[in-house]
Amino acid sequence: MVELSSNLLLAAFFIYIFATIAFSITIYYENSKSVNKTKRWGWISFGLACAGFLAQLGYFVTRWIAAGHAPVSNMFEYTTFLGLTIIFAFLILYLIYKKPVLGIFSMPVGIVIIAYASVFPSEVTPLIPALQTYWLHIHVITTAIGQGILGVGFIAGLIYLIRVVDQSKRSKQTFWLEAVIYSVTCAVAIAITVGVFSLNNYSVTFNWINEWEVEAQLEYELPAIVGPYEGELITADQNRFGPLFETPGWMNGVESPRKFNTFLWSILSGSILYLLLRFILRSRIAAAIQPILKNVSPQLFDEVSYRSIIIGFPVFTLGGLIFAMIWAQIAWTRFWGWDPKEVWALITFLFYAAYLHLRLSRGWHGEKSAWLLVIGFGIIMFNLLFINLVIAGLHSYA
C-alpha cells in the first residue's frame, strides 16, 4: 500500500507537468485568437489537472490506509497535502472563471510543492503519543485547506503584479517581484539538489546531544554546510564535505540542525539556478513572463484574489486558531502558550484580517491588495518552512 501511495504521488507530479504544458498551449492559442483550439486545449488542460488531482488524492487515501492515521503528521505529509488543497482550490476557480493562465501558475505550484516535500523523510512512521487524537485530523486538515485557498489568492495576486508592474525600468516593484520569483526558484532548486544527492545515496552521520540532553545520531542527506552543536562526524568516509560551522546552542530541536542545513542548501542552489535563468533569459524573469499575460484582465484577477481570501480566511481561522486552541487545552491544559508556531499562526490571522479591513474600508484594491497577498503568503511559508526547519518548539515534531 505504501508503494502504491508513492507511485500515485509520483504520477500526480508528472501529470501536473503535462497539465502545465497543456495550459501553456491553451494560452498560445488564446493569444492567437483561435477560439476553437483554445476551448479544446482548455478542456484537455483541465482534464489533466483533474487527473493529477485524483492521483494525488489517491496517494492521500492510500497513505492514510497504510499509516492508520491522516497523513498530515510530519513535514512531508503536510506539505503534500497543502499542495493538494491548492490544486483543489484552483480547480474550483477554473470552473468558475475559465482562465487558463491560472493553470500556468497553479500547476507549477503543485509540482514545486511535491518536489519540495521530497526533501523531508517520507517513511510511514507510528504517531507519537501527542498526535494520537482525532484533533490531528480536525486541526491540521482544516488549517491546510485554509492555507491552500489563501495560496490561490497569492497566485492570482502574483499574476496581477506580473501583468501590471512596469518592467521597462528598475523600481521597488520590480525588485520585490523578482524577489518573490527567486523564492520560488529556491524551492525548485532544493528539490533538484536533494534528488541528485539521493540518486548517489549520499549521507553523513553525526553524534550529538539533542534538546533532551540525550546522546543521539543525526543523519544528513545533503553535504553538511552546518553541523549540530558540538556534534561529532562519525561517517566512515572522513573526506566528506563540511561542516563549515555549527548551529548555535539554542537550535537543538530533534531535527533542527539537519533542517537548517537543508534551508541553507535551498538558498545556495536557488541562487545558482536563478542566476542561470537570468543569464539565459537576459532579463528579469518577471519581464520574460509578462508578454504571456498580455490578454489577462487585471481587474478579474484582483477579484479572484479577493474572493479566495474571503473564503480561505475564515477556514484558516477555524483550523489554525480555534481548533488549535481547543486541542492545546486538551493536550497541554492551556489555550495559549506563545510557542513559535502559535505566534506565527496569530500573526497570519492578524495580517489577513488587516488585509480585509484595508480593502473594505480604505479601498486598497489592485496593486496594493496584490502586494499584501504576496506578503501574506510569505508569512504562511515562513511559518511552514523557517519556523518548522529552524526554531525548536512544541511543534518541532512536525
# chains A, B, ... in the order shown; residues from 1 in each chain; ligands from 1
>>> closest_atom_pairs(of="range 25-129 of chain A", to="range 176-190 of chain A", cutoff="8 Å", atoms="only C-alpha atoms", output="JSON lines")
{"residue": "A:Val112", "atom": "CA", "partner": "A:Val188", "partner_atom": "CA", "distance": 5.7}
{"residue": "A:Ile113", "atom": "CA", "partner": "A:Ala187", "partner_atom": "CA", "distance": 7.9}
{"residue": "A:Ala115", "atom": "CA", "partner": "A:Val188", "partner_atom": "CA", "distance": 7.2}
{"residue": "A:Tyr116", "atom": "CA", "partner": "A:Ala187", "partner_atom": "CA", "distance": 6.1}
{"residue": "A:Val119", "atom": "CA", "partner": "A:Ile190", "partner_atom": "CA", "distance": 7.5}
>>> select_by_dssp(residues="range 186-300 of chain A", states="helix (DSSP H, G or I)", output="VMD selection string")
chain A and resid 186 to 199 256 to 281 285 to 293 298 to 300
>>> residues_around(residues="range 258-273 of chain A", least_positions_apart="6", cutoff="10 Å", atoms="only C-alpha atoms", output="count of residues only")
38
>>> residues_around(residues="Pro298 in chain A", least_positions_apart="6", cutoff="8 Å", atoms="only C-alpha atoms", output="list in words")
Tyr160, Arg163, Val164 and Gly366 of chain A
>>> write_last_selection(atoms="N, CA, C and O atoms", output="short mmCIF file (atom, residue, chain, number, x, y, z; two decimals), in the first residue's frame")
data_model
loop_
_atom_site.label_atom_id
_atom_site.label_comp_id
_atom_site.auth_asym_id
_atom_site.auth_seq_id
_atom_site.Cartn_x
_atom_site.Cartn_y
_atom_site.Cartn_z
N TYR A 160 -1.54 39.16 -11.19
CA TYR A 160 -1.88 40.58 -11.31
C TYR A 160 -0.61 41.44 -11.35
O TYR A 160 -0.47 42.32 -12.20
N ARG A 163 1.44 41.15 -14.45
CA ARG A 163 0.72 41.80 -15.56
C ARG A 163 0.85 43.32 -15.53
O ARG A 163 1.00 43.96 -16.59
N VAL A 164 0.82 43.94 -14.36
CA VAL A 164 0.70 45.41 -14.30
C VAL A 164 2.01 46.14 -13.96
O VAL A 164 2.14 47.33 -14.28
N GLY A 366 -6.50 46.45 -6.29
CA GLY A 366 -5.45 46.46 -7.31
C GLY A 366 -4.08 46.11 -6.79
O GLY A 366 -3.89 45.13 -6.06
#
>>> closest_atom_pairs(of="range 300-365 of chain A", to="range 122-145 of chain A", cutoff="10 Å", atoms="only C-alpha atoms", output="CSV")
residue,atom,partner,partner_atom,distance
A:Gly312,CA,A:Ile145,CA,7.7
A:Phe313,CA,A:Thr143,CA,10.0
A:Val315,CA,A:Thr142,CA,6.7
A:Phe316,CA,A:Thr143,CA,5.0
A:Thr317,CA,A:Thr143,CA,7.7
A:Leu318,CA,A:Thr142,CA,7.3
A:Gly319,CA,A:Thr143,CA,4.4
A:Gly320,CA,A:Thr143,CA,5.0
A:Leu321,CA,A:Thr143,CA,8.6
A:Ile322,CA,A:His139,CA,8.5
A:Phe323,CA,A:His139,CA,5.3
A:Ala324,CA,A:His139,CA,5.8
A:Met325,CA,A:His139,CA,9.3
A:Ile326,CA,A:Trp135,CA,8.7
A:Trp327,CA,A:Trp135,CA,6.3
A:Ala328,CA,A:Trp135,CA,9.8
A:Ile330,CA,A:Trp135,CA,9.6
A:Ala331,CA,A:Ala130,CA,7.3
A:Trp332,CA,A:Ala130,CA,9.7
A:Ala345,CA,A:Thr143,CA,9.8
>>> closest_residue(among="A:Ala11, A:Leu95, A:Ala216, A:Arg278", to="Gly231 in chain A", atoms="only C-alpha atoms")
A:Ala216
>>> closest_residue(among="A:Ala49, A:Leu373, A:Ile104, A:Ile234", to="Ile289 in chain A", atoms="only C-alpha atoms")
A:Ile104
>>> atom_distance(atom1="CA of Ala370 in chain A", atom2="CA of Gln299 in chain A")
11.2 Å
>>> atom_distance(atom1="CA of Ser305 in chain A", atom2="CA of Phe23 in chain A")
19.9 Å
>>> closest_residue(among="A:Tyr59, A:Ala286, A:Ser45, A:Ser106", to="Phe175 in chain A", atoms="only C-alpha atoms")
A:Ala286
>>> decode(residues="range 330-389 of chain A", atoms="C-alpha atoms", output="mmCIF file, in the first residue's frame")
data_model
loop_
_atom_site.group_PDB
_atom_site.id
_atom_site.type_symbol
_atom_site.label_atom_id
_atom_site.label_comp_id
_atom_site.auth_asym_id
_atom_site.auth_seq_id
_atom_site.Cartn_x
_atom_site.Cartn_y
_atom_site.Cartn_z
ATOM 1 C CA ILE A 330 -6.789 19.224 25.883
ATOM 2 C CA ALA A 331 -3.118 18.332 25.330
ATOM 3 C CA TRP A 332 -1.286 20.988 27.379
ATOM 4 C CA THR A 333 -4.064 22.275 29.708
ATOM 5 C CA ARG A 334 -3.837 25.796 28.314
ATOM 6 C CA PHE A 335 -5.347 27.554 25.301
ATOM 7 C CA TRP A 336 -2.295 29.653 24.505
ATOM 8 C CA GLY A 337 1.398 29.386 25.278
ATOM 9 C CA TRP A 338 3.388 31.633 22.906
ATOM 10 C CA ASP A 339 5.003 28.687 21.151
ATOM 11 C CA PRO A 340 6.642 29.922 17.894
ATOM 12 C CA LYS A 341 4.052 28.158 15.700
ATOM 13 C CA GLU A 342 1.205 29.607 17.740
ATOM 14 C CA VAL A 343 2.650 33.108 17.499
ATOM 15 C CA TRP A 344 3.005 32.925 13.733
ATOM 16 C CA ALA A 345 -0.480 31.487 13.319
ATOM 17 C CA LEU A 346 -1.733 34.549 15.200
ATOM 18 C CA ILE A 347 0.395 36.854 13.039
ATOM 19 C CA THR A 348 -1.078 35.207 9.933
ATOM 20 C CA PHE A 349 -4.611 35.729 11.246
ATOM 21 C CA LEU A 350 -3.967 39.383 12.121
ATOM 22 C CA PHE A 351 -2.350 40.076 8.755
ATOM 23 C CA TYR A 352 -5.239 38.745 6.681
ATOM 24 C CA ALA A 353 -7.708 40.499 8.988
ATOM 25 C CA ALA A 354 -5.802 43.729 8.284
ATOM 26 C CA TYR A 355 -5.904 42.948 4.533
ATOM 27 C CA LEU A 356 -9.696 42.634 4.604
ATOM 28 C CA HIS A 357 -10.003 45.806 6.677
ATOM 29 C CA LEU A 358 -7.809 47.830 4.328
ATOM 30 C CA ARG A 359 -9.585 46.544 1.240
ATOM 31 C CA LEU A 360 -13.116 47.070 2.519
ATOM 32 C CA SER A 361 -12.709 50.313 4.464
ATOM 33 C CA ARG A 362 -9.725 52.014 2.802
ATOM 34 C CA GLY A 363 -10.259 50.877 -0.781
ATOM 35 C CA TRP A 364 -6.933 49.067 -1.130
ATOM 36 C CA HIS A 365 -7.725 47.336 -4.409
ATOM 37 C CA GLY A 366 -5.455 46.455 -7.310
ATOM 38 C CA GLU A 367 -1.700 46.607 -6.851
ATOM 39 C CA LYS A 368 -1.752 47.421 -3.117
ATOM 40 C CA SER A 369 -4.051 44.474 -2.496
ATOM 41 C CA ALA A 370 -1.893 42.129 -4.583
ATOM 42 C CA TRP A 371 1.278 43.078 -2.704
ATOM 43 C CA LEU A 372 -0.459 42.372 0.588
ATOM 44 C CA LEU A 373 -1.348 38.884 -0.652
ATOM 45 C CA VAL A 374 2.268 38.227 -1.612
ATOM 46 C CA ILE A 375 3.368 39.281 1.885
ATOM 47 C CA GLY A 376 0.599 37.191 3.467
ATOM 48 C CA PHE A 377 1.604 34.018 1.678
ATOM 49 C CA GLY A 378 5.211 34.791 2.557
ATOM 50 C CA ILE A 379 4.159 34.746 6.221
ATOM 51 C CA ILE A 380 2.476 31.359 5.703
ATOM 52 C CA MET A 381 5.598 29.938 4.063
ATOM 53 C CA PHE A 382 7.826 31.424 6.770
ATOM 54 C CA ASN A 383 5.689 29.687 9.381
ATOM 55 C CA LEU A 384 5.626 26.408 7.458
ATOM 56 C CA LEU A 385 9.281 26.279 6.498
ATOM 57 C CA PHE A 386 11.549 28.506 8.597
ATOM 58 C CA ILE A 387 9.756 28.054 11.926
ATOM 59 C CA ASN A 388 9.497 24.284 11.369
ATOM 60 C CA LEU A 389 13.010 23.920 9.984
#
